[in-house]
>>> print(open('final-v6.txt').read())   # compact mmCIF, C-alpha atoms
# COMPACT_ATOMS: atom_id res chain seq x y z
CA MET A 1 73.60 78.29 62.19
CA SER A 2 75.52 75.64 60.25
CA ASN A 3 79.15 76.10 59.37
CA PRO A 4 79.50 77.48 55.83
CA THR A 5 81.93 74.82 54.66
CA LYS A 6 83.45 75.04 51.25
CA PRO A 7 81.79 72.82 48.61
CA ALA A 8 83.78 70.02 47.04
CA HIS A 9 86.39 71.07 44.52
CA GLN A 10 84.86 71.68 41.11
CA LYS A 11 86.25 71.37 37.62
CA ILE A 12 85.06 73.81 34.98
CA SER A 13 85.14 72.97 31.29
CA PHE A 14 83.25 74.02 28.16
CA VAL A 15 81.02 72.31 25.62
CA THR A 16 79.93 73.73 22.29
CA ALA A 17 76.26 73.87 21.33
CA LYS A 18 75.05 73.26 17.78
CA ASP A 19 75.22 76.96 16.91
CA GLY A 20 78.77 77.31 18.23
CA THR A 21 77.88 78.86 21.59
CA ARG A 22 80.31 77.83 24.33
CA ILE A 23 78.63 76.65 27.51
CA ALA A 24 80.47 76.57 30.86
CA VAL A 25 80.06 73.27 32.75
CA ALA A 26 80.98 72.67 36.40
CA ARG A 27 81.52 69.18 37.85
CA MET A 28 81.91 68.33 41.51
CA GLY A 29 81.68 65.25 43.71
CA LYS A 30 81.77 61.54 42.86
CA GLY A 31 79.15 58.86 42.33
CA PRO A 32 76.01 58.55 40.20
CA THR A 33 75.34 61.72 38.23
CA ILE A 34 72.84 64.44 39.05
CA LEU A 35 72.56 66.84 36.11
CA LYS A 36 70.96 70.20 36.82
CA ALA A 37 69.23 71.85 33.88
CA GLY A 38 70.21 75.48 33.42
CA ASN A 39 68.20 78.20 35.12
CA TRP A 40 68.24 81.94 34.96
CA LEU A 41 70.62 83.11 37.70
CA SER A 42 73.92 81.27 37.98
CA HIS A 43 77.66 81.76 37.75
CA ALA A 44 79.80 78.62 37.79
CA THR A 45 82.66 80.35 39.60
CA HIS A 46 80.78 82.35 42.22
CA ASP A 47 77.89 80.05 43.19
CA GLY A 48 80.03 78.11 45.66
CA GLU A 49 80.66 81.27 47.69
CA SER A 50 77.04 82.37 47.76
CA PRO A 51 74.80 82.00 50.84
CA ILE A 52 71.99 81.44 48.33
CA TRP A 53 73.55 78.49 46.45
CA ARG A 54 76.43 77.20 48.59
CA HIS A 55 74.36 74.67 50.57
CA TRP A 56 72.77 73.35 47.36
CA LEU A 57 76.21 72.58 45.93
CA GLN A 58 77.38 70.97 49.18
CA GLU A 59 74.44 68.62 49.49
CA LEU A 60 73.91 67.70 45.83
CA SER A 61 77.59 66.76 45.47
CA ARG A 62 77.81 64.93 48.81
CA ASP A 63 77.09 61.44 47.45
CA HIS A 64 76.93 62.13 43.71
CA GLN A 65 78.71 63.69 40.81
CA PHE A 66 76.82 66.95 40.48
CA ILE A 67 76.99 68.67 37.10
CA ARG A 68 75.55 72.10 36.39
CA TYR A 69 76.11 74.73 33.72
CA ASP A 70 75.54 78.40 32.98
CA LEU A 71 72.83 79.33 30.50
CA ARG A 72 73.96 80.95 27.26
CA GLY A 73 74.43 84.66 27.85
CA CYS A 74 75.06 84.05 31.56
CA GLY A 75 77.92 83.35 33.95
CA LEU A 76 81.00 81.89 32.25
CA SER A 77 79.11 80.81 29.12
CA ASP A 78 79.29 82.99 26.00
CA ARG A 79 77.69 86.35 26.81
CA ASP A 80 77.31 87.84 23.34
CA VAL A 81 74.77 85.47 21.77
CA GLU A 82 72.11 86.03 19.15
CA ASP A 83 69.77 83.16 19.93
CA ILE A 84 68.06 83.31 23.31
CA SER A 85 65.19 80.85 22.99
CA PHE A 86 63.76 77.73 24.59
CA ASP A 87 65.02 75.59 21.70
CA ALA A 88 68.51 77.03 22.13
CA TRP A 89 68.42 76.29 25.87
CA LEU A 90 67.34 72.73 25.11
CA SER A 91 70.20 72.37 22.63
CA ASP A 92 72.62 73.54 25.34
CA LEU A 93 71.29 70.94 27.78
CA GLU A 94 71.72 68.26 25.11
CA ALA A 95 75.32 69.36 24.53
CA VAL A 96 76.08 69.02 28.25
CA ALA A 97 74.31 65.64 28.52
CA ASP A 98 76.35 64.33 25.59
CA ILE A 99 79.54 64.41 27.69
CA ILE A 100 77.99 62.22 30.42
CA ASP A 101 78.13 58.44 30.22
CA GLY A 102 74.97 56.59 31.13
CA PRO A 103 71.61 57.80 32.45
CA VAL A 104 71.29 60.64 34.96
CA THR A 105 69.01 62.02 37.61
CA LEU A 106 67.82 65.21 35.94
CA LEU A 107 67.12 68.08 38.31
CA GLY A 108 65.17 71.17 37.32
CA LEU A 109 64.72 74.34 39.32
CA SER A 110 62.28 77.04 38.19
CA GLN A 111 62.65 77.41 34.40
CA GLY A 112 64.99 74.40 34.45
CA CYS A 113 61.92 72.26 35.16
CA ALA A 114 60.44 72.95 31.72
CA LEU A 115 63.80 72.21 30.10
CA SER A 116 64.03 68.98 32.09
CA ILE A 117 60.57 67.90 30.94
CA ALA A 118 61.31 68.61 27.27
CA PHE A 119 64.67 66.83 27.48
CA ALA A 120 63.27 63.78 29.29
CA LEU A 121 60.59 63.33 26.64
CA ARG A 122 63.09 63.54 23.78
CA HIS A 123 65.80 61.47 25.46
CA PRO A 124 64.03 58.93 27.71
CA LYS A 125 67.03 56.57 27.88
CA LYS A 126 69.20 59.35 29.26
CA VAL A 127 66.93 60.21 32.22
CA GLU A 128 66.33 57.62 34.94
CA ARG A 129 64.49 59.95 37.31
CA LEU A 130 63.27 63.55 37.41
CA ILE A 131 63.36 66.01 40.32
CA LEU A 132 61.55 69.33 39.84
CA ILE A 133 61.62 72.24 42.30
CA GLY A 134 59.51 75.40 42.06
CA SER A 135 58.25 74.10 38.75
CA TYR A 136 55.92 75.26 36.05
CA ALA A 137 54.97 73.84 32.67
CA GLN A 138 53.50 77.10 31.39
CA GLY A 139 54.91 80.61 31.65
CA MET A 140 52.55 83.35 32.78
CA LEU A 141 51.58 84.32 29.21
CA ALA A 142 50.74 80.70 28.39
CA ARG A 143 48.35 80.41 31.34
CA GLY A 144 44.78 81.64 31.75
CA ASP A 145 44.03 85.35 32.33
CA ALA A 146 45.78 87.01 29.38
CA THR A 147 45.04 90.60 30.46
CA ASN A 148 46.42 90.34 33.99
CA ALA A 149 49.27 88.10 32.83
CA GLN A 150 50.40 90.64 30.24
CA LEU A 151 50.26 93.41 32.83
CA GLU A 152 52.39 91.38 35.25
CA ALA A 153 54.86 90.46 32.50
CA ASP A 154 55.21 94.09 31.46
CA THR A 155 55.70 95.18 35.08
CA LEU A 156 58.49 92.65 35.64
CA ALA A 157 60.14 93.70 32.37
CA ASN A 158 60.09 97.34 33.46
CA LEU A 159 61.57 96.40 36.83
CA VAL A 160 64.46 94.67 35.04
CA ARG A 161 65.01 97.74 32.88
CA LEU A 162 64.96 99.93 35.97
CA GLY A 163 67.08 98.09 38.48
CA TRP A 164 68.80 94.89 37.32
CA GLY A 165 71.78 94.42 39.63
CA LYS A 166 71.50 97.93 41.04
CA GLU A 167 70.78 99.27 44.52
CA VAL A 168 67.34 100.50 43.44
CA GLN A 169 64.85 100.19 46.29
CA ALA A 170 61.76 99.61 44.14
CA PHE A 171 63.47 96.80 42.24
CA ASN A 172 64.96 95.22 45.36
CA GLN A 173 61.68 95.19 47.27
CA VAL A 174 59.78 93.53 44.45
CA PHE A 175 62.07 91.44 42.25
CA THR A 176 64.57 90.13 44.81
CA HIS A 177 61.77 89.31 47.25
CA LEU A 178 60.03 87.19 44.63
CA PHE A 179 62.90 84.71 44.95
CA VAL A 180 64.03 84.85 48.60
CA PRO A 181 61.50 86.92 50.59
CA SER A 182 62.73 85.62 53.95
CA GLY A 183 66.39 86.06 53.06
CA THR A 184 68.75 87.99 55.32
CA PRO A 185 70.25 91.34 54.24
CA GLU A 186 73.44 89.41 53.39
CA GLN A 187 71.52 86.98 51.19
CA HIS A 188 69.64 89.79 49.44
CA SER A 189 72.94 91.55 48.83
CA TRP A 190 74.40 88.38 47.32
CA TRP A 191 71.33 88.01 45.12
CA ARG A 192 71.86 91.50 43.71
CA ARG A 193 75.54 90.68 43.17
CA LEU A 194 74.51 87.51 41.35
CA GLU A 195 72.27 89.56 39.08
CA ARG A 196 75.19 91.78 38.14
CA GLU A 197 77.60 88.89 37.63
CA SER A 198 75.30 86.41 35.94
CA ALA A 199 73.89 88.46 33.07
CA SER A 200 73.57 91.90 31.55
CA PRO A 201 70.22 93.75 31.79
CA GLU A 202 69.67 93.07 28.06
CA ILE A 203 70.17 89.32 28.43
CA ALA A 204 68.03 89.29 31.57
CA LEU A 205 65.21 91.01 29.72
CA ARG A 206 65.41 88.68 26.70
CA THR A 207 65.49 85.67 29.02
CA LEU A 208 62.46 86.90 30.94
CA GLU A 209 60.48 87.29 27.71
CA ILE A 210 61.13 83.62 26.81
CA LEU A 211 60.21 82.40 30.30
CA HIS A 212 56.77 83.98 30.02
CA LYS A 213 55.99 82.00 26.84
CA ILE A 214 57.11 78.51 27.93
CA ASP A 215 54.53 75.75 27.43
CA VAL A 216 55.53 72.11 27.93
CA LEU A 217 52.31 70.93 29.58
CA ALA A 218 51.54 68.54 26.70
CA ASP A 219 55.09 67.15 26.91
CA ALA A 220 54.71 66.57 30.65
CA ALA A 221 51.59 64.47 30.11
CA LYS A 222 53.58 62.09 27.88
CA LEU A 223 56.38 61.38 30.36
CA ASP A 224 57.04 57.90 31.70
CA VAL A 225 59.75 58.45 34.30
CA PRO A 226 59.82 58.47 38.13
CA ALA A 227 59.26 62.09 39.13
CA LEU A 228 59.49 64.00 42.42
CA ILE A 229 58.03 67.50 42.48
CA PHE A 230 58.59 70.09 45.23
CA HIS A 231 56.81 73.43 45.54
CA ALA A 232 56.75 76.13 48.20
CA ASN A 233 53.30 76.75 49.66
CA ASP A 234 53.69 80.52 49.43
CA ASP A 235 56.03 80.78 46.44
CA ALA A 236 55.67 84.35 45.15
CA ARG A 237 57.64 83.72 41.97
CA ILE A 238 55.78 80.63 40.69
CA PRO A 239 52.22 80.03 41.95
CA PHE A 240 51.74 76.90 44.05
CA ASP A 241 48.98 75.72 41.72
CA GLU A 242 51.49 75.49 38.86
CA GLY A 243 53.39 72.81 40.76
CA ARG A 244 50.17 70.96 41.57
CA LYS A 245 49.08 71.15 37.94
CA LEU A 246 52.36 69.64 36.78
CA ALA A 247 52.23 66.85 39.36
CA ALA A 248 48.71 66.00 38.19
CA VAL A 249 49.70 65.47 34.55
CA ILE A 250 52.95 63.49 35.08
CA ALA A 251 51.88 59.89 35.64
CA GLY A 252 52.85 58.62 39.09
CA ALA A 253 54.60 61.83 40.15
CA GLN A 254 55.21 62.36 43.87
CA PHE A 255 54.31 65.86 45.05
CA VAL A 256 55.75 67.51 48.18
CA ALA A 257 54.52 70.86 49.48
CA LEU A 258 57.19 72.84 51.32
CA ASP A 259 56.25 75.23 54.12
CA THR A 260 58.09 78.32 52.90
CA ALA A 261 57.71 81.41 50.76
CA ASN A 262 61.19 81.11 49.26
CA HIS A 263 61.43 80.14 45.61
CA ILE A 264 65.07 79.22 46.31
CA LEU A 265 65.28 77.24 49.55
CA LEU A 266 67.62 78.73 52.13
CA GLU A 267 69.94 76.69 54.32
CA ASN A 268 68.52 77.45 57.76
CA GLU A 269 64.80 77.04 57.12
CA PRO A 270 62.91 73.85 58.06
CA ALA A 271 61.76 73.37 54.45
CA TRP A 272 65.38 72.74 53.43
CA GLU A 273 65.62 69.75 55.77
CA VAL A 274 62.29 68.41 54.48
CA PHE A 275 63.60 68.75 50.94
CA LEU A 276 66.86 66.94 51.74
CA LYS A 277 65.16 64.05 53.52
CA THR A 278 62.68 63.47 50.68
CA PHE A 279 65.32 64.03 48.00
CA ARG A 280 67.65 61.43 49.51
CA ALA A 281 64.86 58.89 49.96
CA PHE A 282 63.96 59.25 46.28
CA LEU A 283 67.48 58.43 45.09
CA PRO A 284 68.95 54.93 45.19
CA GLU A 285 71.46 54.39 47.99
CA THR A 286 75.08 54.67 46.94
CA ARG A 287 78.28 53.44 48.52
CA THR A 288 79.32 57.02 49.25
CA HIS A 289 76.03 57.52 51.10
CA ARG A 290 77.75 56.11 54.19
CA PRO A 291 75.67 53.81 56.44
CA ILE A 292 77.94 54.90 59.32
CA ARG A 293 76.24 58.32 59.31
CA ALA A 294 72.78 56.89 59.97
CA ALA A 295 74.02 54.10 62.24
CA TYR A 296 75.89 56.45 64.57
CA HIS A 297 73.83 59.63 64.11
CA LEU A 298 76.68 61.70 62.74
CA THR A 299 75.73 65.16 61.55
CA ASN A 300 76.59 66.16 58.00
CA ALA A 301 79.45 68.30 59.30
CA GLU A 302 80.84 65.41 61.38
CA GLU A 303 80.52 63.05 58.43
CA ASP A 304 82.49 65.46 56.23
CA VAL A 305 85.32 65.52 58.76
CA VAL A 306 85.28 61.74 59.27
CA ALA A 307 85.40 61.17 55.50
CA LEU A 308 88.60 63.23 55.29
CA VAL A 309 90.08 61.45 58.31
CA ALA A 310 89.45 58.19 56.43
CA LYS A 311 91.47 59.61 53.53
CA GLY A 312 94.44 60.07 55.86
CA MET A 313 94.26 63.84 56.20
CA GLY A 314 95.57 65.60 59.30
CA ASN A 315 93.63 68.25 61.20
CA HIS A 316 95.36 71.15 59.48
CA GLU A 317 94.60 69.78 56.01
CA ILE A 318 91.00 68.98 56.95
CA ALA A 319 90.51 72.49 58.32
CA ALA A 320 91.89 74.04 55.13
CA THR A 321 89.76 71.79 52.91
CA LEU A 322 86.51 72.47 54.77
CA ARG A 323 87.35 76.07 55.66
CA LYS A 324 87.01 75.43 59.38
CA SER A 325 89.26 76.16 62.33
CA GLU A 326 91.50 73.36 63.56
CA LYS A 327 89.75 73.61 66.93
CA THR A 328 86.39 72.89 65.27
CA VAL A 329 87.89 69.91 63.42
CA ARG A 330 89.39 68.52 66.66
CA ASN A 331 86.07 68.90 68.46
CA GLN A 332 84.11 67.20 65.68
CA ILE A 333 86.56 64.30 65.54
CA THR A 334 86.26 63.87 69.31
CA VAL A 335 82.46 63.82 69.07
CA ALA A 336 82.59 61.36 66.17
CA LEU A 337 84.92 59.02 68.10
CA GLY A 338 82.41 58.98 70.95
CA LYS A 339 79.42 58.35 68.71
CA VAL A 340 81.10 55.54 66.80
CA GLY A 341 82.51 54.02 69.99
CA VAL A 342 86.21 53.98 69.13
CA ARG A 343 89.21 55.52 70.85
CA SER A 344 91.56 56.57 68.06
CA ARG A 345 91.67 57.92 64.52
CA SER A 346 93.03 54.60 63.24
CA GLU A 347 90.11 52.69 64.79
CA LEU A 348 87.72 55.26 63.30
CA ILE A 349 89.23 54.76 59.83
CA VAL A 350 88.85 50.97 60.10
CA LYS A 351 85.23 51.38 61.19
CA VAL A 352 84.41 53.77 58.33
CA LEU A 353 86.01 51.54 55.72
CA SER A 354 84.36 48.38 57.03
CA ASP A 355 80.89 49.90 57.46
CA GLY A 356 80.95 52.22 54.40
>>> encode(input="final-v6.txt", output="structure tokens")
Amino acid sequence: MSNPTKPAHQKISFVTAKDGTRIAVARMGKGPTILKAGNWLSHATHDGESPIWRHWLQELSRDHQFIRYDLRGCGLSDRDVEDISFDAWLSDLEAVADIIDGPVTLLGLSQGCALSIAFALRHPKKVERLILIGSYAQGMLARGDATNAQLEADTLANLVRLGWGKEVQAFNQVFTHLFVPSGTPEQHSWWRRLERESASPEIALRTLEILHKIDVLADAAKLDVPALIFHANDDARIPFDEGRKLAAVIAGAQFVALDTANHILLENEPAWEVFLKTFRAFLPETRTHRPIRAAYHLTNAEEDVVALVAKGMGNHEIAATLRKSEKTVRNQITVALGKVGVRSRSELIVKVLSDG
């Protein structure tokens, strides 16, 4: 099991949407910008501690400035809001994008995929590439079988009314398992905590009603942007065919099937490594994407330690920054010295700076 290191330090600020709603924005990392469109369950403050989201934040901010935000009604954004609608969500994404200079890689997860599609079509100069994960262009009520779809929508709504954020067995066995069916008890517990902290039952219910009616399939067919689409083979939350359908209508889109049932990829499953490898290959190489890692086969954890050594940090400071023991830091530095073929920290620093 990988060491649950602390994500890079984040800065939280607020932007104001057109209707005056304040939206919480979190920035972390340095480099070209990855902007994540808002999705249902998030909390800017708590996501970095979560075994569901922590590894996402670590990896997406490793070589980039990673910017995400809480949906209106959720997390640190204004909770008491009148307008919960797709247009309002799009307006919030536009307000966040307005504070970013230059084009971005726009990343959508679940409902954030539809927002990403709508935004990319309206603001093509702002989006240089699109990454969609667990995507759908049409909510369940905008798809085919209206009778069964309405029954499923009503069932999910009743589950939210019954057990949102509570220790209710019926809710936990159905709703939580739609997102992370292979999660550990700890991860399921964190998911229920996230429900409680991210939104009230009323906001969750209103959000769910909008999700069911989303339809951006026509918008997707008009896109002209490099696109990478991931979908879990056995995704219980969003059918696999929805991802395939979207990949078929976006011209030139690359589609990657992931061997998992988790709608949200977990850190220790093979699908996560497949995602990371493909994700990194899709993005242009940056200076902070250190060639020394590939050249000397450093692990991500070793690279993190070496990067802080190169900044002049001592073992105690590195351990505190990465939330590791000093013994672990010493061991990883020793391994890194051997892999790089140098004998001292100073030689390691010179090698990193010259090769990076």
>>> closest_residue(input="final-v6.txt", among="A:Ala271, A:Ala336, A:Ala232, A:Ile52", to="Ala301 (chain A)", atoms="all atoms listed in the file")
A:Ala336
>>> closest_residue(input="final-v6.txt", among="A:Glu347, A:Glu82, A:Asp234, A:Asp63", to="Thr21 (chain A)", atoms="only C-alpha atoms")
A:Glu82
>>> closest_residue(input="final-v6.txt", among="A:Val25, A:Ile264, A:Ala88, A:Ile214", to="Arg143 (chain A)", atoms="all atoms listed in the file")
A:Ile214
>>> closest_residue(input="final-v6.txt", among="A:Lys126, A:His64, A:Lys324, A:Arg79", to="Arg22 (chain A)", atoms="all atoms listed in the file")
A:Arg79
>>> residues_near_point(input="final-v6.txt", point="(63.1, 86.4, 49.3)", cutoff="8 Å", atoms="only C-alpha atoms", output="number ranges by chain")
A: 176-183, 188, 261-263
>>> residues_near_point(input="final-v6.txt", point="(53.4, 62.6, 39.2)", cutoff="12 Å", atoms="all atoms listed in the file", output="compact mmCIF listing (two decimals) with C-alpha atoms, in the frame of the given file")
# COMPACT_ATOMS: atom_id res chain seq x y z
CA ARG A 129 64.49 59.95 37.31
CA LEU A 130 63.27 63.55 37.41
CA ILE A 131 63.36 66.01 40.32
CA LEU A 132 61.55 69.33 39.84
CA ALA A 220 54.71 66.57 30.65
CA ALA A 221 51.59 64.47 30.11
CA LYS A 222 53.58 62.09 27.88
CA LEU A 223 56.38 61.38 30.36
CA ASP A 224 57.04 57.90 31.70
CA VAL A 225 59.75 58.45 34.30
CA PRO A 226 59.82 58.47 38.13
CA ALA A 227 59.26 62.09 39.13
CA LEU A 228 59.49 64.00 42.42
CA ILE A 229 58.03 67.50 42.48
CA PHE A 230 58.59 70.09 45.23
CA GLY A 243 53.39 72.81 40.76
CA ARG A 244 50.17 70.96 41.57
CA LYS A 245 49.08 71.15 37.94
CA LEU A 246 52.36 69.64 36.78
CA ALA A 247 52.23 66.85 39.36
CA ALA A 248 48.71 66.00 38.19
CA VAL A 249 49.70 65.47 34.55
CA ILE A 250 52.95 63.49 35.08
CA ALA A 251 51.88 59.89 35.64
CA GLY A 252 52.85 58.62 39.09
CA ALA A 253 54.60 61.83 40.15
CA GLN A 254 55.21 62.36 43.87
CA PHE A 255 54.31 65.86 45.05
CA VAL A 256 55.75 67.51 48.18
>>> atom_distance(input="final-v6.txt", atom1="CA of Thr299 (chain A)", atom2="CA of Leu266 (chain A)")
18.4 Å
>>> closest_residue(input="final-v6.txt", among="A:Met140, A:Leu115, A:Ala17, A:Leu76", to="Pro239 (chain A)", atoms="only C-alpha atoms")
A:Met140
>>> closest_residue(input="final-v6.txt", among="A:Arg54, A:Thr207, A:Asn315, A:Ala310", to="Leu353 (chain A)", atoms="all atoms listed in the file")
A:Ala310
>>> residues_around(input="final-v6.txt", residues="Trp190 (chain A)", least_positions_apart="6", cutoff="10 Å", atoms="all atoms listed in the file", output="list of chain:residue names")
A:Asp47, A:Glu49, A:Ser50, A:Pro51, A:Ile52, A:Trp53, A:Thr184, A:Arg196
>>> atom_distance(input="final-v6.txt", atom1="CA of Cys113 (chain A)", atom2="CA of Gly134 (chain A)")
8.0 Å
>>> residues_around(input="final-v6.txt", residues="Val127 (chain A)", least_positions_apart="6", cutoff="6 Å", atoms="only C-alpha atoms", output="list in words")
Pro103, Val104 and Ala120 of chain A
>>> axis_aligned_box(input="final-v6.txt", around="region 325-333 of chain A", padding_each_side="8 Å", output="AutoDock Vina command-line options")
--center_x 87.8 --center_y 70.2 --center_z 65.4 --size_x 23.4 --size_y 27.9 --size_z 22.1
>>> atom_distance(input="final-v6.txt", atom1="CA of Leu337 (chain A)", atom2="CA of Met313 (chain A)")
15.9 Å
>>> residues_around(input="final-v6.txt", residues="Ile84 (chain A)", least_positions_apart="2", cutoff="8 Å", atoms="all atoms listed in the file", output="count of residues only")
10
>>> residues_around(input="final-v6.txt", residues="Pro284 (chain A)", least_positions_apart="3", cutoff="12 Å", atoms="only C-alpha atoms", output="tab-separated table (two decimals) with C-alpha atoms, in the coordinates of the input")
chain	number	residue	atom	x	y	z
A	31	GLY	CA	79.15	58.86	42.33
A	32	PRO	CA	76.01	58.55	40.20
A	33	THR	CA	75.34	61.72	38.23
A	34	ILE	CA	72.84	64.44	39.05
A	63	ASP	CA	77.09	61.44	47.45
A	64	HIS	CA	76.93	62.13	43.71
A	104	VAL	CA	71.29	60.64	34.96
A	105	THR	CA	69.01	62.02	37.61
A	128	GLU	CA	66.33	57.62	34.94
A	129	ARG	CA	64.49	59.95	37.31
A	278	THR	CA	62.68	63.47	50.68
A	279	PHE	CA	65.32	64.03	48.00
A	280	ARG	CA	67.65	61.43	49.51
A	281	ALA	CA	64.86	58.89	49.96
A	287	ARG	CA	78.28	53.44	48.52
A	288	THR	CA	79.32	57.02	49.25
A	289	HIS	CA	76.03	57.52	51.10
>>> residues_around(input="final-v6.txt", residues="Asp215 (chain A)", least_positions_apart="5", cutoff="9 Å", atoms="all atoms listed in the file", output="list in words")
Ala114, Tyr136, Ala137, Gln138, Gly139, Ala142 and Arg143 of chain A
>>> build_atoms(input="final-v6.txt", residues="region 306-321 of chain A", atoms="N, CA and C atoms", output="mmCIF file, in the frame of the given file")
data_model
loop_
_atom_site.group_PDB
_atom_site.id
_atom_site.type_symbol
_atom_site.label_atom_id
_atom_site.label_comp_id
_atom_site.auth_asym_id
_atom_site.auth_seq_id
_atom_site.Cartn_x
_atom_site.Cartn_y
_atom_site.Cartn_z
ATOM 1 N N VAL A 306 84.910 63.156 59.182
ATOM 2 C CA VAL A 306 85.280 61.740 59.270
ATOM 3 C C VAL A 306 85.712 61.197 57.911
ATOM 4 N N ALA A 307 85.031 61.623 56.845
ATOM 5 C CA ALA A 307 85.400 61.170 55.500
ATOM 6 C C ALA A 307 86.816 61.567 55.148
ATOM 7 N N LEU A 308 87.231 62.764 55.577
ATOM 8 C CA LEU A 308 88.600 63.230 55.290
ATOM 9 C C LEU A 308 89.617 62.560 56.207
ATOM 10 N N VAL A 309 89.209 62.242 57.441
ATOM 11 C CA VAL A 309 90.080 61.450 58.310
ATOM 12 C C VAL A 309 90.359 60.102 57.660
ATOM 13 N N ALA A 310 89.306 59.494 57.079
ATOM 14 C CA ALA A 310 89.450 58.190 56.430
ATOM 15 C C ALA A 310 90.373 58.241 55.229
ATOM 16 N N LYS A 311 90.545 59.443 54.655
ATOM 17 C CA LYS A 311 91.470 59.610 53.530
ATOM 18 C C LYS A 311 92.902 59.866 53.996
ATOM 19 N N GLY A 312 93.094 59.893 55.315
ATOM 20 C CA GLY A 312 94.440 60.070 55.860
ATOM 21 C C GLY A 312 94.854 61.505 56.085
ATOM 22 N N MET A 313 93.924 62.436 56.007
ATOM 23 C CA MET A 313 94.260 63.840 56.200
ATOM 24 C C MET A 313 94.459 64.159 57.679
ATOM 25 N N GLY A 314 95.380 65.087 57.962
ATOM 26 C CA GLY A 314 95.570 65.600 59.300
ATOM 27 C C GLY A 314 94.604 66.750 59.570
ATOM 28 N N ASN A 315 94.572 67.196 60.827
ATOM 29 C CA ASN A 315 93.630 68.250 61.200
ATOM 30 C C ASN A 315 93.832 69.537 60.413
ATOM 31 N N HIS A 316 95.076 69.909 60.205
ATOM 32 C CA HIS A 316 95.360 71.150 59.480
ATOM 33 C C HIS A 316 94.828 71.087 58.051
ATOM 34 N N GLU A 317 95.050 69.946 57.392
ATOM 35 C CA GLU A 317 94.600 69.780 56.010
ATOM 36 C C GLU A 317 93.069 69.724 55.940
ATOM 37 N N ILE A 318 92.460 69.044 56.913
ATOM 38 C CA ILE A 318 91.000 68.980 56.950
ATOM 39 C C ILE A 318 90.413 70.372 57.138
ATOM 40 N N ALA A 319 90.999 71.135 58.055
ATOM 41 C CA ALA A 319 90.510 72.490 58.320
ATOM 42 C C ALA A 319 90.605 73.362 57.076
ATOM 43 N N ALA A 320 91.718 73.238 56.351
ATOM 44 C CA ALA A 320 91.890 74.040 55.130
ATOM 45 C C ALA A 320 90.899 73.606 54.060
ATOM 46 N N THR A 321 90.671 72.308 53.933
ATOM 47 C CA THR A 321 89.760 71.790 52.910
ATOM 48 C C THR A 321 88.322 72.228 53.157
#
